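J.: You'll find input.csv just under this line, and it carries CSV, C-alpha atoms.
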```csv
chain,number,residue,atom,x,y,z
A,58,MET,CA,129.9,73.9,88.7
A,59,ASN,CA,133.6,74.5,89.2
A,60,THR,CA,135.5,71.4,88.3
A,61,ALA,CA,139.0,72.9,88.8
A,62,PRO,CA,141.2,71.0,91.3
A,63,ALA,CA,141.3,72.5,94.8
A,64,GLY,CA,143.9,75.3,95.0
A,65,THR,CA,143.8,76.2,91.3
A,66,THR,CA,142.0,79.2,89.8
A,67,GLU,CA,139.8,79.1,86.8
A,68,ALA,CA,139.3,82.1,84.4
A,69,ALA,CA,136.0,83.9,84.8
A,70,CYS,CA,135.4,83.7,81.0
A,71,THR,CA,135.7,80.2,79.9
A,72,ASP,CA,135.3,78.3,76.6
A,73,ALA,CA,133.6,75.4,78.4
A,74,LEU,CA,130.1,74.8,77.3
A,75,PRO,CA,127.3,73.7,79.6
A,76,GLY,CA,126.1,70.2,78.6
A,77,ALA,CA,122.7,71.5,77.3
A,78,ALA,CA,124.5,74.0,75.0
A,79,LEU,CA,126.7,71.5,73.3
A,80,SER,CA,124.3,71.3,70.3
A,81,GLY,CA,124.3,75.1,70.0
A,82,PRO,CA,127.8,76.5,70.6
A,83,VAL,CA,127.3,79.5,68.4
A,84,SER,CA,124.0,80.4,70.0
A,85,HIS,CA,125.7,80.1,73.4
A,86,ALA,CA,128.5,82.4,72.3
A,87,VAL,CA,126.1,85.0,70.9
A,88,SER,CA,124.2,85.0,74.2
A,89,ARG,CA,127.4,85.4,76.2
A,90,VAL,CA,128.7,88.2,73.9
A,91,ALA,CA,125.4,90.0,73.9
A,92,ARG,CA,125.3,89.9,77.7
A,93,LEU,CA,128.8,91.2,78.1
A,94,HIS,CA,128.3,93.9,75.4
A,95,ARG,CA,125.3,95.2,77.3
A,96,ILE,CA,127.2,95.2,80.6
A,97,ALA,CA,130.1,97.1,79.0
A,98,ALA,CA,127.7,99.6,77.4
A,99,GLY,CA,126.0,100.0,80.7
A,100,LYS,CA,129.3,101.0,82.4
A,101,LEU,CA,130.0,103.6,79.7
A,102,LEU,CA,126.4,105.0,79.7
A,103,LYS,CA,126.2,105.2,83.5
A,104,GLY,CA,128.7,108.1,83.4
A,105,LEU,CA,126.2,109.9,81.1
A,106,GLY,CA,123.3,109.3,83.4
A,107,LEU,CA,121.7,106.7,81.0
A,108,TYR,CA,120.6,103.1,81.3
A,109,PRO,CA,121.3,100.6,78.5
A,110,GLY,CA,118.6,101.0,75.8
A,111,GLN,CA,118.0,104.7,76.5
A,112,GLU,CA,120.8,105.7,74.1
A,113,LEU,CA,119.1,103.7,71.3
A,114,LEU,CA,115.8,105.6,71.9
A,115,MET,CA,117.7,108.9,71.9
A,116,MET,CA,119.6,107.9,68.7
A,117,HIS,CA,116.3,107.3,67.0
A,118,LEU,CA,114.9,110.7,68.2
A,119,TRP,CA,118.0,112.6,67.1
A,120,ASP,CA,117.9,111.1,63.7
A,121,SER,CA,114.1,111.2,63.2
A,122,GLY,CA,112.9,114.3,65.0
A,123,PRO,CA,109.5,114.2,66.7
A,124,VAL,CA,107.8,110.8,66.5
A,125,ARG,CA,104.6,109.3,67.9
A,126,GLN,CA,105.2,107.3,71.1
A,127,ALA,CA,103.4,104.3,69.5
A,128,GLU,CA,105.8,104.5,66.5
A,129,LEU,CA,108.8,104.6,68.9
A,130,ILE,CA,107.5,101.5,70.7
A,131,LYS,CA,107.2,99.7,67.4
A,132,THR,CA,110.6,100.8,66.1
A,133,LEU,CA,112.4,99.8,69.3
A,134,ASP,CA,110.4,96.6,69.5
A,135,LEU,CA,109.9,97.0,73.2
A,136,ASP,CA,107.0,96.6,75.6
A,137,PRO,CA,105.0,99.8,75.8
A,138,SER,CA,105.5,100.0,79.6
A,139,THR,CA,109.3,99.7,79.1
A,140,VAL,CA,109.3,102.6,76.7
A,141,THR,CA,107.0,104.7,78.9
A,142,LYS,CA,109.4,104.2,81.8
A,143,MET,CA,112.4,105.1,79.7
A,144,LEU,CA,110.6,108.2,78.5
A,145,GLN,CA,109.7,109.2,82.0
A,146,ARG,CA,113.3,109.0,83.1
A,147,LEU,CA,114.6,110.8,80.0
A,148,GLU,CA,111.9,113.5,80.5
A,149,GLN,CA,112.9,114.0,84.1
A,150,THR,CA,116.5,114.5,83.1
A,151,GLY,CA,115.4,117.0,80.4
A,152,HIS,CA,116.5,114.9,77.4
A,153,VAL,CA,113.0,114.4,75.9
A,154,ARG,CA,109.7,116.2,75.7
A,155,ARG,CA,106.3,114.6,75.2
A,156,ARG,CA,103.3,116.5,73.9
A,157,PRO,CA,100.0,115.8,72.3
A,158,ASP,CA,100.1,115.3,68.5
A,159,PRO,CA,98.4,118.3,67.0
A,160,ASP,CA,97.1,116.0,64.2
A,161,ASP,CA,95.7,113.5,66.6
A,162,ARG,CA,95.1,114.5,70.2
A,163,ARG,CA,94.9,110.9,71.2
A,164,ALA,CA,98.6,110.4,70.2
A,165,VAL,CA,101.7,111.6,72.0
A,166,LEU,CA,104.7,113.1,70.1
A,167,VAL,CA,108.1,112.5,71.6
A,168,GLU,CA,111.1,114.6,70.7
A,169,ALA,CA,114.7,115.2,71.8
A,170,THR,CA,115.2,118.5,73.6
A,171,ASP,CA,117.9,121.1,72.7
A,172,GLU,CA,119.5,120.1,76.0
A,173,SER,CA,120.1,116.6,74.7
A,174,CYS,CA,122.5,117.9,72.1
A,175,ALA,CA,125.4,117.6,74.5
A,176,LEU,CA,124.3,114.1,75.2
A,177,HIS,CA,124.4,113.3,71.5
A,178,ALA,CA,128.2,113.8,71.3
A,179,ALA,CA,128.8,111.9,74.5
A,180,VAL,CA,126.7,108.9,73.3
A,181,ARG,CA,128.6,108.9,70.0
A,182,ASP,CA,131.9,108.9,71.9
A,183,ALA,CA,130.7,106.2,74.3
A,184,TRP,CA,129.7,104.0,71.4
A,185,GLY,CA,133.0,104.6,69.7
A,186,SER,CA,134.8,103.5,72.8
A,187,LEU,CA,132.6,100.5,73.1
A,188,GLU,CA,133.3,99.6,69.5
A,189,GLU,CA,137.1,99.8,70.1
A,190,HIS,CA,136.9,97.7,73.3
A,191,THR,CA,134.6,95.1,71.6
A,192,LEU,CA,136.8,94.8,68.5
A,193,ALA,CA,140.2,95.1,70.0
A,194,GLY,CA,142.7,92.9,68.2
A,195,LEU,CA,140.6,92.5,65.1
A,196,ALA,CA,142.0,93.7,61.8
A,197,SER,CA,140.0,96.0,59.6
A,198,ASP,CA,139.0,93.1,57.2
A,199,GLU,CA,138.0,91.0,60.2
A,200,ARG,CA,135.8,93.8,61.5
A,201,THR,CA,134.2,94.1,58.1
A,202,GLU,CA,133.7,90.3,57.9
A,203,LEU,CA,132.2,90.2,61.4
A,204,THR,CA,129.7,92.9,60.5
A,205,ARG,CA,128.8,91.0,57.4
A,206,LEU,CA,128.3,87.8,59.2
A,207,LEU,CA,126.3,89.4,62.0
A,208,ALA,CA,124.0,91.0,59.4
A,209,LYS,CA,123.3,87.5,58.0
A,210,VAL,CA,122.6,86.1,61.5
A,211,GLU,CA,120.3,89.1,62.2
A,212,ALA,CA,118.4,88.4,58.9
A,213,ASN,CA,118.0,84.7,59.9
A,214,LEU,CA,116.6,85.7,63.2
A,215,CYS,CA,114.3,88.2,61.7
A,216,LYS,CA,112.8,85.4,59.5
A,217,GLU,CA,112.5,83.1,62.5
A,218,THR,CA,110.8,85.8,64.6
A,219,GLU,CA,108.5,86.8,61.7
A,220,GLY,CA,110.0,90.2,61.1
A,221,CYS,CA,112.2,92.9,62.5
A,222,PRO,CA,111.6,96.3,63.9
A,223,GLU,CA,111.3,98.8,61.1
A,224,ARG,CA,114.5,100.7,60.3
A,225,GLY,CA,114.0,104.4,60.5
```
Could you express the structure from this file as structure tokens?

T.:
Amino acid sequence: MNTAPAGTTEAACTDALPGAALSGPVSHAVSRVARLHRIAAGKLLKGLGLYPGQELLMMHLWDSGPVRQAELIKTLDLDPSTVTKMLQRLEQTGHVRRRPDPDDRRAVLVEATDESCALHAAVRDAWGSLEEHTLAGLASDERTELTRLLAKVEANLCKETEGCPERG
């Protein structure tokens, strides 16, 4: 609800908390920041023909090489149907290839294609740009401290949710 007097403007991003969030101001801030970060990432990735989340899948494939689709689902900690849809789109654009696992014909191997190599550099550049926009105005020691604090928050949430996706 906008409580600004008639004829005045109110900033789109405000520090005011909804009443129900008064007991969780940090959680509310984390939620807002995560949402805005995803939107900003989406704008950068759109120019690469990617949707948010697809770059994380590709990052894993570039670093790991071929992996079973079931392992990818577990690593990304996403619903299998979501990963399948992501892979279908990435396959259509020539960035990934799926094939039966020669060691277990019931399993599917997923791998980045040679054509995705150009995308690798573009994603790295997009994440660098996102990092700079996200952390603009923060000194080097503040960036280091923020990273340290976010790692603690992540560890707390991992305990609360009974584990985290495996790091590859």

J.: Quick one: distance from CA of Arg155 (chain A) to CA of Val167 (chain A) in Å, one decimal?

T.: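 Interatomic distance, CA of Arg155 (chain A) to CA of Val167 (chain A): 4.5 Å.
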
J.: What is the CA of Gly122 (chain A)-CA of Ala169 (chain A) distance in Å, reported with one decimal?

T.: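 Computed distance, CA of Gly122 (chain A) to CA of Ala169 (chain A), equals 7.1 Å.
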
J.: For Leu135 (chain A), which residue among A:Ser121, A:Gln111, A:Thr204, A:Thr150 is the nearest when counting all atoms listed in the file?

T.: A:Gln111

J.: Let me make sure I understand: among A:Pro159, A:Gly185, A:Gly151, A:Pro137, which one has the smallest atom-to-atom distance to Ala98 (chain A) if we use only C-alpha atoms?

T.: A:Gly185

J.: Taking all atoms listed in the file into account, which of A:Gly76, A:Glu199, A:Leu176, A:Ser84 comes nearest Leu214 (chain A)?

T.: A:Ser84

J.: Hey, which of A:Gly194, A:Pro157, A:Gly99, A:Pro123 ends up closest to Thr170 (chain A)? Count all atoms listed in the file.

T.: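 Nearest to Thr170 (chain A): A:Pro123.
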
J.: Find, counting only C-alpha atoms, the residue in A:Val210, A:Ala193, A:Ala164, A:Ala178 that gets nearest to Val87 (chain A).

T.: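 Ranking A:Val210, A:Ala193, A:Ala164, A:Ala178 by distance to Val87 (chain A), first place goes to A:Val210.
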
J.: Report the distance between CA of His152 (chain A) and CA of Trp184 (chain A) in Å, rounded to one decimal place.

T.: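 Taking CA of His152 (chain A) and CA of Trp184 (chain A), their separation equals 18.1 Å.
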
J.: Out of A:Val165, A:Leu102, A:Val140, A:Ala73, which residue has the shortest atom-to-atom distance to Arg89 (chain A) when counting all atoms listed in the file?

T.: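 Among A:Val165, A:Leu102, A:Val140, A:Ala73, it is A:Ala73 that comes nearest to Arg89 (chain A).
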
J.: Give me, as a list in words, all polymer residues having an atom no more than 12 Å from Asp182 (chain A), counting only C-alpha atoms and skipping those fewer than 4 positions away in the same chain.

T.: Ala98, Leu101, Leu102, Gly104, Leu105, Glu112, Ala175, Leu176, His177, Ala178, Ser186, Leu187, Glu188 and Glu189 of chain A
